[in-house]
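Structure file target31.txt; described as compact mmCIF, C-alpha atoms.
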```txt
# COMPACT_ATOMS: atom_id res chain seq x y z
CA MET A 1 -2.32 -19.83 -22.97
CA GLN A 2 -0.52 -22.37 -25.13
CA VAL A 3 2.93 -22.11 -26.61
CA ASN A 4 3.86 -23.39 -30.03
CA PRO A 5 7.26 -25.11 -29.56
CA SER A 6 8.25 -24.43 -33.16
CA VAL A 7 8.53 -20.69 -32.47
CA PHE A 8 11.56 -21.14 -30.24
CA SER A 9 14.82 -20.76 -32.08
CA SER A 10 17.63 -23.23 -31.40
CA GLY A 11 15.64 -24.99 -28.69
CA SER A 12 15.92 -22.11 -26.22
CA MET A 13 12.79 -21.64 -24.16
CA THR A 14 14.38 -18.98 -21.97
CA SER A 15 14.48 -16.10 -24.42
CA PRO A 16 11.33 -13.96 -24.11
CA ALA A 17 11.96 -12.54 -27.58
CA THR A 18 11.04 -15.90 -29.10
CA TYR A 19 7.79 -16.40 -27.15
CA VAL A 20 4.66 -16.21 -29.27
CA PRO A 21 1.31 -16.94 -27.62
CA VAL A 22 -1.16 -19.13 -29.44
CA THR A 23 -4.73 -17.85 -29.43
CA THR A 24 -7.23 -20.23 -27.90
CA ARG A 25 -10.95 -20.21 -27.41
CA PHE A 26 -10.29 -19.18 -23.82
CA ASP A 27 -9.05 -15.84 -25.09
CA SER A 28 -12.52 -15.08 -26.42
CA ASP A 29 -14.02 -16.12 -23.06
CA ILE A 30 -11.67 -13.74 -21.27
CA LEU A 31 -12.48 -10.93 -23.69
CA LEU A 32 -16.21 -11.50 -23.21
CA ALA A 33 -15.84 -11.43 -19.42
CA ALA A 34 -13.73 -8.27 -19.61
CA GLU A 35 -16.30 -6.58 -21.81
CA THR A 36 -19.08 -7.58 -19.41
CA TYR A 37 -17.21 -6.16 -16.43
CA LEU A 38 -16.24 -2.95 -18.19
CA ARG A 39 -19.78 -2.22 -19.37
CA ASN A 40 -21.28 -2.74 -15.91
CA PRO A 41 -20.13 -0.04 -13.46
CA ILE A 42 -20.99 -2.13 -10.39
CA LEU A 43 -18.99 -5.13 -11.63
CA ALA A 44 -16.13 -2.86 -12.71
CA ASN A 45 -16.06 -1.31 -9.23
CA LYS A 46 -16.02 -4.74 -7.56
CA LEU A 47 -13.23 -5.85 -9.87
CA THR A 48 -11.09 -2.81 -9.20
CA GLU A 49 -11.64 -3.16 -5.43
CA ARG A 50 -10.60 -6.81 -5.58
CA VAL A 51 -7.49 -6.00 -7.62
CA TYR A 52 -6.63 -3.23 -5.16
CA ASP A 53 -7.03 -5.63 -2.22
CA LEU A 54 -4.78 -8.18 -3.92
CA LEU A 55 -2.14 -5.53 -4.61
CA LEU A 56 -2.21 -4.40 -0.96
CA THR A 57 -1.85 -7.98 0.23
CA ASP A 58 1.05 -8.53 -2.16
CA LEU A 59 2.78 -5.35 -1.00
CA GLN A 60 2.38 -6.37 2.64
CA SER A 61 3.84 -9.79 1.88
CA GLN A 62 6.78 -8.22 0.09
CA GLN A 63 7.42 -5.86 3.02
CA GLU A 64 7.31 -8.78 5.48
CA ARG A 65 9.76 -10.78 3.37
CA LEU A 66 12.06 -7.78 3.07
CA ASN A 67 11.95 -7.15 6.82
CA ASN A 68 12.64 -10.83 7.52
CA TYR A 69 15.53 -10.78 5.07
CA ARG A 70 17.00 -7.68 6.71
CA ARG A 71 16.75 -9.26 10.18
CA THR A 72 18.59 -12.40 9.12
CA ARG A 73 21.38 -10.45 7.42
CA ILE A 74 22.22 -8.24 10.39
```
Render the structure in this file as structure tokens.
Amino acid sequence: MQVNPSVFSSGSMTSPATYVPVTTRFDSDILLAAETYLRNPILANKLTERVYDLLLTDLQSQQERLNNYRRTRI
């Protein structure tokens, strides 16, 4: 996703209120892929399983970091 620098007021790139995404041709590619996956139940199932696996991995990583942080603080 590209950002148009002229949409940021007073040069601040840190304010999320001034962020405006610029549509690219990749957006249409993403929409086409999403439509393909959503219309095919097998692909949709594989996608949801993969997202679930990634979420579990992320949660485990967060728990490990939290446990490591707690050990170093005590």
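Our summary of the geometry notes that CA of Asp27 in chain A is positioned 27.5 Å from CA of Thr57 in chain A.
Candidate residues A:Asp58, A:Leu47, A:Tyr69, A:Glu64 were compared for distance to Ala34 in chain A, and the nearest is A:Leu47, using only C-alpha atoms.
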Exercise for review: Could you tell me how far CA of Pro41 in chain A lies from CA of Leu59 in chain A, in Å and to one decimal?
Suggested key: 26.6 Å
Please report, as lines of an AutoDock Vina configuration file, the centre and edge lengths in Å to one decimal of an axis-aligned box covering all listed atoms of range 41-59 of chain A with 5 Å per side.
```
center_x = -9.1
center_y = -4.3
center_z = -6.6
size_x = 33.8
size_y = 18.5
size_z = 23.7
```
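The space between CA of Ala44 in chain A and CA of Ser61 in chain A spans 25.7 Å.
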Some atoms are absent from range 46-58 of chain A, so rebuild N, CA, C and O atoms and return them as a short mmCIF file (atom, residue, chain, number, x, y, z; two decimals), in the frame of the given file.
```cif
data_model
loop_
_atom_site.label_atom_id
_atom_site.label_comp_id
_atom_site.auth_asym_id
_atom_site.auth_seq_id
_atom_site.Cartn_x
_atom_site.Cartn_y
_atom_site.Cartn_z
N LYS A 46 -16.39 -3.56 -8.35
CA LYS A 46 -16.02 -4.74 -7.56
C LYS A 46 -14.68 -5.31 -8.01
O LYS A 46 -13.85 -5.70 -7.20
N LEU A 47 -14.48 -5.33 -9.32
CA LEU A 47 -13.23 -5.85 -9.87
C LEU A 47 -12.05 -4.99 -9.45
O LEU A 47 -11.03 -5.50 -8.99
N THR A 48 -12.19 -3.68 -9.57
CA THR A 48 -11.09 -2.81 -9.20
C THR A 48 -10.81 -2.88 -7.69
O THR A 48 -9.65 -2.85 -7.28
N GLU A 49 -11.85 -3.01 -6.88
CA GLU A 49 -11.64 -3.16 -5.43
C GLU A 49 -10.89 -4.45 -5.11
O GLU A 49 -10.01 -4.48 -4.26
N ARG A 50 -11.27 -5.51 -5.81
CA ARG A 50 -10.60 -6.81 -5.58
C ARG A 50 -9.14 -6.75 -6.01
O ARG A 50 -8.26 -7.24 -5.31
N VAL A 51 -8.86 -6.14 -7.15
CA VAL A 51 -7.49 -6.00 -7.62
C VAL A 51 -6.69 -5.15 -6.64
O VAL A 51 -5.55 -5.49 -6.29
N TYR A 52 -7.29 -4.09 -6.13
CA TYR A 52 -6.63 -3.23 -5.16
C TYR A 52 -6.31 -4.01 -3.88
O TYR A 52 -5.20 -3.92 -3.35
N ASP A 53 -7.26 -4.81 -3.41
CA ASP A 53 -7.03 -5.63 -2.22
C ASP A 53 -5.89 -6.62 -2.44
O ASP A 53 -5.04 -6.82 -1.56
N LEU A 54 -5.86 -7.23 -3.61
CA LEU A 54 -4.78 -8.18 -3.92
C LEU A 54 -3.43 -7.49 -3.99
O LEU A 54 -2.42 -8.03 -3.51
N LEU A 55 -3.40 -6.29 -4.55
CA LEU A 55 -2.14 -5.53 -4.61
C LEU A 55 -1.66 -5.16 -3.21
O LEU A 55 -0.47 -5.26 -2.90
N LEU A 56 -2.59 -4.73 -2.33
CA LEU A 56 -2.21 -4.40 -0.96
C LEU A 56 -1.65 -5.63 -0.23
O LEU A 56 -0.64 -5.54 0.47
N THR A 57 -2.32 -6.75 -0.40
CA THR A 57 -1.85 -7.98 0.23
C THR A 57 -0.47 -8.36 -0.28
O THR A 57 0.40 -8.75 0.50
N ASP A 58 -0.26 -8.22 -1.57
CA ASP A 58 1.05 -8.53 -2.16
C ASP A 58 2.13 -7.59 -1.62
O ASP A 58 3.23 -8.02 -1.29
#
```
